[in-house]
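Structure first, then comments.
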Amino acid sequence: MATTTKIRPRALVRASGGPRYAVALAVDALGTGLLRPFLLLYGVTVLRLSAPATGIAMTVGIVVGLVCMPAVGRWLDRGARSTVVAASMVVRALGVTLLLATPAGHVWLFATAALFLGVGNQAWPAAHAALVATVAHGRERDAALAGSRALRNAALGVGALLATACLAGGTAALQALAAVTGLAYLAAAALARSVHLRAHPAAAPAGDTADGPAPRMRALLAANVVYVFCLNVPEIALPLVLVTQLHASPVWSAAIFVANTVLVVTLQVPVTVLMSRFPRRTVLALAGVVLAASYLGFLAATSLGHGWGAPAVATVSVVCTIGEIIYAGSATALVTALAPAHVLGRSLARFELSTGFGLAVSPAVITALAPLGPAALWGSLTAATLLSASAVATEKDHGTRHSVCRPDIRSAA
């Protein structure tokens with residue numbers, strides 16, 4: 001099995017789509033970081049909507065946005081790559097435009113804007129993964145996907161910090177942030193589109209027939225719904241536990257979130273490269289074990305009560321982040337390895353559906369379990385994650401993707 005044993009920044013950038021595409025990713029993530037953490041605040045303060053109405057509109061936008069994924073998958077399987085990535089950014093720019101045009105009190109226009117943002121946010125990961133899978137191969141592809149995630153998290157963090165510094169300006173500042181976000185999406189779309197990357201599905205080998213079905217990956221997709229809960233642990237579960245159960249300062253929640261971002265940015269590529277020595281399915285199962293161990297650690301930490309509880313939770317959160325990094329570095333890479341070239345788009349779309357569903361339901365599940373006590377929350381997450389890891393480890397592969405579609409790059413990336 002080929003492994004990636006060295007991290008070469010220039011090669012990593014080329015494998016990720018090239019310098020221009022890397023800049024597009026950074027600009028897009030910077031714009032997202034400016035607005036996404038404060039979208040709820042925008043609805044409440046600028047548009048004068050109630051918090052429940054704003055939250056419901058945002059949730060509906062995310063869920064309905066998932067409906068577009070089958071169409072995105074078919075578009076990708078017809079060979080589109082950079083065009084789909086650019087389209088996801090343009091759709092989000094349209095969402096921001098609607099947001100800026102929404103008069104105060106109009107919840108349906110806000111919901112429509114949230115829908116456009118949701119469609120773009122759901123379509124982008126599958127389109128990006130298909131683009132990288134077309135440019136890079138083998139374990140280099142895994143490292144490229146990891147590098148893209150690290151870059152995106154860094155830009156998201158910078159955007160969120162800039163937005164936080166601007167919030168003192170009130171509603172005018174939020175509107176300005178939204179406008180800058182829309183411009184960032186358009187600039188990123190232009191950069192991504194300029195790469196002119198397509199794939200030729202007909203280049204698949206003879207044994208990879210163009211009319212064959214996408215691999216089912218039932219256990220992987222079901223497990224992924226549970227795995228993605230880890231992405232909402234630092235943002236939802238830990239702040240909820242720290243404030244309501246341990247009565248700790250909100251500073252602890254902020255510190256954990258910052259630490260999570262820094263660790264992902266600095267360790268995503270090195271950990272992914274290190275794990276390339278092992279089969280992707282084994283690594284993904286290991287991620288579940290690490291996450292489950294961290295959930296048990298949170299259960300033990302919360303039992304310490306006020307005083308030692310918050311520092312213990314912060315310490316265990318590092319283990320949870322390591323599990324998240326292992327999961328993120330292996331899950332999408334495993335899908336791209338399993339999917340035949342002619343159904344890569346549909347396979348990634350199905351995977352993104354499971355991711356989006358998990359992200360949509362996890363806040364409701366976490367907030368429903370938390371009042372029942374630490375054992376109900378962390379015990380349930382531990383059991384579900386271990387069951388998912390076991391399903392991933394035991395699922396049989398019915399064939400792997402031996403080649404990718406031949407890329408057609410009309411202009412140098």
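Following the order of the structure tokens, first chain is A, next is B, and so on, with residues numbered from 1 inside each chain and ligands from 1 in the order they appear.
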DSSP on the backbone, then: every residue of stretch 92-260 of chain A marked alpha helix (DSSP H), written as a PyMOL selection string. chain A and resi 92-101+107-135+138-166+171-194+218-227+229-232+238-240+250-260
Per residue of stretch 313-375 of chain A within 12 Å of stretch 132-139 of chain A, what are the shortest atom pair and its distance in Å to one decimal, counting only C-alpha atoms, with rows by chain and residue number, as a tab-separated table?
```
residue	atom	partner	partner_atom	distance
A:Gly329	CA	A:Arg139	CA	10.7
A:Ser330	CA	A:Arg139	CA	10.4
A:Thr332	CA	A:Ala133	CA	10.1
A:Ala333	CA	A:Arg139	CA	8.6
A:Leu334	CA	A:Gly138	CA	10.5
A:Val335	CA	A:Ala133	CA	10.3
A:Thr336	CA	A:Ala133	CA	6.8
A:Ala337	CA	A:Gly138	CA	7.9
A:Leu338	CA	A:Gly138	CA	11.6
A:Ala339	CA	A:Ala133	CA	10.7
A:Pro340	CA	A:Ala133	CA	11.4
A:Ala341	CA	A:Thr134	CA	9.0
A:His342	CA	A:Thr134	CA	11.5
A:Leu344	CA	A:Ala133	CA	8.9
A:Gly345	CA	A:Ala133	CA	10.3
A:Leu348	CA	A:Ala133	CA	10.7
```
Under the rule that only C-alpha atoms are counted, which of A:Val265, A:Val46, A:Ala384, A:Val13 is the nearest residue to A:Cys230? A:Ala384
All strand (DSSP E) residues (DSSP, backbone) inside stretch 51-297 of chain A, as a tab-separated table (two decimals) with N, CA, C and O atoms, in the first residue's frame:
```tsv
chain	number	residue	atom	x	y	z
A	197	LEU	N	-11.12	23.06	-14.58
A	197	LEU	CA	-10.84	21.64	-14.41
A	197	LEU	C	-12.10	20.83	-14.66
A	197	LEU	O	-13.14	21.07	-14.06
A	198	ARG	N	-11.98	19.88	-15.59
A	198	ARG	CA	-13.05	18.92	-15.86
A	198	ARG	C	-12.46	17.52	-15.83
A	198	ARG	O	-11.25	17.34	-15.87
A	199	ALA	N	-13.34	16.53	-15.77
A	199	ALA	CA	-12.91	15.14	-15.86
A	199	ALA	C	-13.65	14.47	-17.01
A	199	ALA	O	-14.72	14.92	-17.41
A	200	HIS	N	-13.08	13.41	-17.53
A	200	HIS	CA	-13.69	12.67	-18.62
A	200	HIS	C	-14.13	11.30	-18.10
A	200	HIS	O	-13.32	10.39	-17.98
```
Counting only C-alpha atoms, which of A:Leu98, A:Ala188, A:Leu156, A:Leu162 gets nearest to A:Val23?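 Once distances to A:Val23 are computed over only C-alpha atoms, the minimum belongs to A:Ala188.
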Excluding same-chain residues fewer than 3 positions from A:Ala127, what lies within 8 Å of it counting only C-alpha atoms, as a VMD selection string? chain A and resid 72 76 81 to 82 84 to 85 123 to 124 130 to 131 345
Spatial neighbours of stretch 386-400 of chain A, max dist 12 Å, only C-alpha atoms, sep filter under 4 positions, as a VMD selection string: chain A and resid 138 207 to 208 213 to 229 279 to 296 323 327 330 to 331 333 to 341 343 to 344 379 to 382 404
Could I get the residues of stretch 143-261 of chain A with an atom no further than 10 Å from an atom of stretch 307-310 of chain A, each paired with its nearest atom pair and that distance in Å to one decimal, using only C-alpha atoms, sorted by chain and residue number, as CSV?
```
residue,atom,partner,partner_atom,distance
A:Leu238,CA,A:Ala310,CA,9.6
A:Val241,CA,A:Ala310,CA,9.3
A:Leu242,CA,A:Ala310,CA,6.5
A:Val243,CA,A:Ala310,CA,9.5
A:Gln245,CA,A:Gly309,CA,9.7
A:Leu246,CA,A:Gly309,CA,6.7
A:His247,CA,A:Ala310,CA,8.9
A:Ala248,CA,A:Ala310,CA,6.5
A:Ser249,CA,A:Ala310,CA,8.7
A:Trp252,CA,A:Ala310,CA,7.0
A:Ser253,CA,A:Ala310,CA,9.1
```
Restrict the selected residues to all heavy atoms and save them as a short mmCIF file (atom, residue, chain, number, x, y, z; two decimals), in the first residue's frame.
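Result file is selection-v9.cif:
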```
data_model
loop_
_atom_site.label_atom_id
_atom_site.label_comp_id
_atom_site.auth_asym_id
_atom_site.auth_seq_id
_atom_site.Cartn_x
_atom_site.Cartn_y
_atom_site.Cartn_z
N LEU A 238 -20.13 20.89 24.69
CA LEU A 238 -19.25 21.34 25.77
C LEU A 238 -19.68 22.68 26.37
O LEU A 238 -19.70 22.82 27.60
CB LEU A 238 -17.80 21.39 25.29
CG LEU A 238 -17.20 20.04 24.90
CD1 LEU A 238 -15.72 20.17 24.59
CD2 LEU A 238 -17.41 19.00 26.01
N VAL A 241 -22.65 21.87 28.63
CA VAL A 241 -22.25 21.17 29.86
C VAL A 241 -21.50 22.10 30.81
O VAL A 241 -21.77 22.13 32.02
CB VAL A 241 -21.40 19.93 29.51
CG1 VAL A 241 -20.73 19.36 30.75
CG2 VAL A 241 -22.25 18.87 28.84
N LEU A 242 -20.58 22.86 30.27
CA LEU A 242 -19.76 23.74 31.11
C LEU A 242 -20.60 24.80 31.81
O LEU A 242 -20.40 25.07 33.00
CB LEU A 242 -18.67 24.41 30.26
CG LEU A 242 -17.52 23.51 29.84
CD1 LEU A 242 -16.69 24.18 28.74
CD2 LEU A 242 -16.63 23.17 31.04
N VAL A 243 -21.54 25.39 31.10
CA VAL A 243 -22.31 26.49 31.67
C VAL A 243 -23.46 26.01 32.54
O VAL A 243 -23.67 26.51 33.65
CB VAL A 243 -22.83 27.41 30.54
CG1 VAL A 243 -23.78 28.48 31.10
CG2 VAL A 243 -21.67 28.07 29.82
N GLN A 245 -24.15 22.69 33.68
CA GLN A 245 -23.92 21.61 34.65
C GLN A 245 -22.76 21.89 35.58
O GLN A 245 -22.82 21.58 36.77
CB GLN A 245 -23.70 20.28 33.91
CG GLN A 245 -24.91 19.82 33.12
CD GLN A 245 -24.67 18.51 32.39
OE1 GLN A 245 -23.64 17.85 32.53
NE2 GLN A 245 -25.63 18.11 31.56
N LEU A 246 -21.69 22.47 35.04
CA LEU A 246 -20.51 22.76 35.86
C LEU A 246 -20.46 24.21 36.32
O LEU A 246 -19.59 24.57 37.14
CB LEU A 246 -19.23 22.42 35.09
CG LEU A 246 -19.07 20.95 34.70
CD1 LEU A 246 -17.79 20.75 33.90
CD2 LEU A 246 -19.05 20.06 35.94
N HIS A 247 -21.37 25.04 35.80
CA HIS A 247 -21.44 26.46 36.18
C HIS A 247 -20.09 27.15 36.03
O HIS A 247 -19.67 27.95 36.88
CB HIS A 247 -21.95 26.61 37.61
CG HIS A 247 -23.24 25.88 37.85
ND1 HIS A 247 -24.45 26.28 37.31
CD2 HIS A 247 -23.51 24.73 38.56
CE1 HIS A 247 -25.40 25.43 37.68
NE2 HIS A 247 -24.86 24.49 38.43
N ALA A 248 -19.41 26.82 34.94
CA ALA A 248 -18.10 27.39 34.67
C ALA A 248 -18.25 28.65 33.82
O ALA A 248 -19.29 28.91 33.21
CB ALA A 248 -17.22 26.38 33.93
N SER A 249 -17.20 29.45 33.80
CA SER A 249 -17.19 30.67 33.01
C SER A 249 -17.25 30.33 31.52
O SER A 249 -16.64 29.35 31.07
CB SER A 249 -15.92 31.47 33.30
OG SER A 249 -15.75 32.51 32.36
N TRP A 252 -14.12 29.27 29.32
CA TRP A 252 -13.67 27.90 29.07
C TRP A 252 -14.16 27.40 27.71
O TRP A 252 -13.41 26.77 26.96
CB TRP A 252 -14.15 26.97 30.17
CG TRP A 252 -13.37 27.09 31.44
CD1 TRP A 252 -13.77 27.69 32.60
CD2 TRP A 252 -12.04 26.60 31.68
NE1 TRP A 252 -12.77 27.61 33.55
CE2 TRP A 252 -11.70 26.94 33.02
CE3 TRP A 252 -11.13 25.89 30.91
CZ2 TRP A 252 -10.48 26.60 33.58
CZ3 TRP A 252 -9.90 25.56 31.46
CH2 TRP A 252 -9.59 25.91 32.78
N SER A 253 -15.42 27.70 27.39
CA SER A 253 -15.97 27.27 26.09
C SER A 253 -15.21 27.93 24.95
O SER A 253 -14.89 27.27 23.94
CB SER A 253 -17.45 27.64 26.01
OG SER A 253 -18.18 27.01 27.04
#
```
Extract, using only C-alpha atoms, all DNA, RNA and protein residues at most 8 Å from A:Gly105, discarding same-chain residues fewer than 5 positions from it, and format them as an MDAnalysis selection string. chainID A and resid 47:49
Expected file contents, prior selection, N, CA and C atoms, as a compact mmCIF listing (two decimals), in the first residue's frame:
```
# COMPACT_ATOMS: atom_id res chain seq x y z
N LEU A 47 -32.85 42.09 11.36
CA LEU A 47 -34.17 41.88 10.77
C LEU A 47 -35.30 41.86 11.79
N ARG A 48 -34.96 41.96 13.07
CA ARG A 48 -35.96 42.02 14.15
C ARG A 48 -36.85 40.79 14.18
N LEU A 49 -36.27 39.62 13.88
CA LEU A 49 -37.02 38.37 13.97
C LEU A 49 -36.84 37.78 15.35
```
Looking at A:Ala87, A:Ala360, A:Leu161, A:Val313, which one is nearest to A:Pro37, with distances taken over only C-alpha atoms? A:Leu161
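The residue that comes closest to A:Val60, out of A:Val361, A:Val158, A:Leu240, A:Ala80 and on the basis of only C-alpha atoms, is A:Val361.
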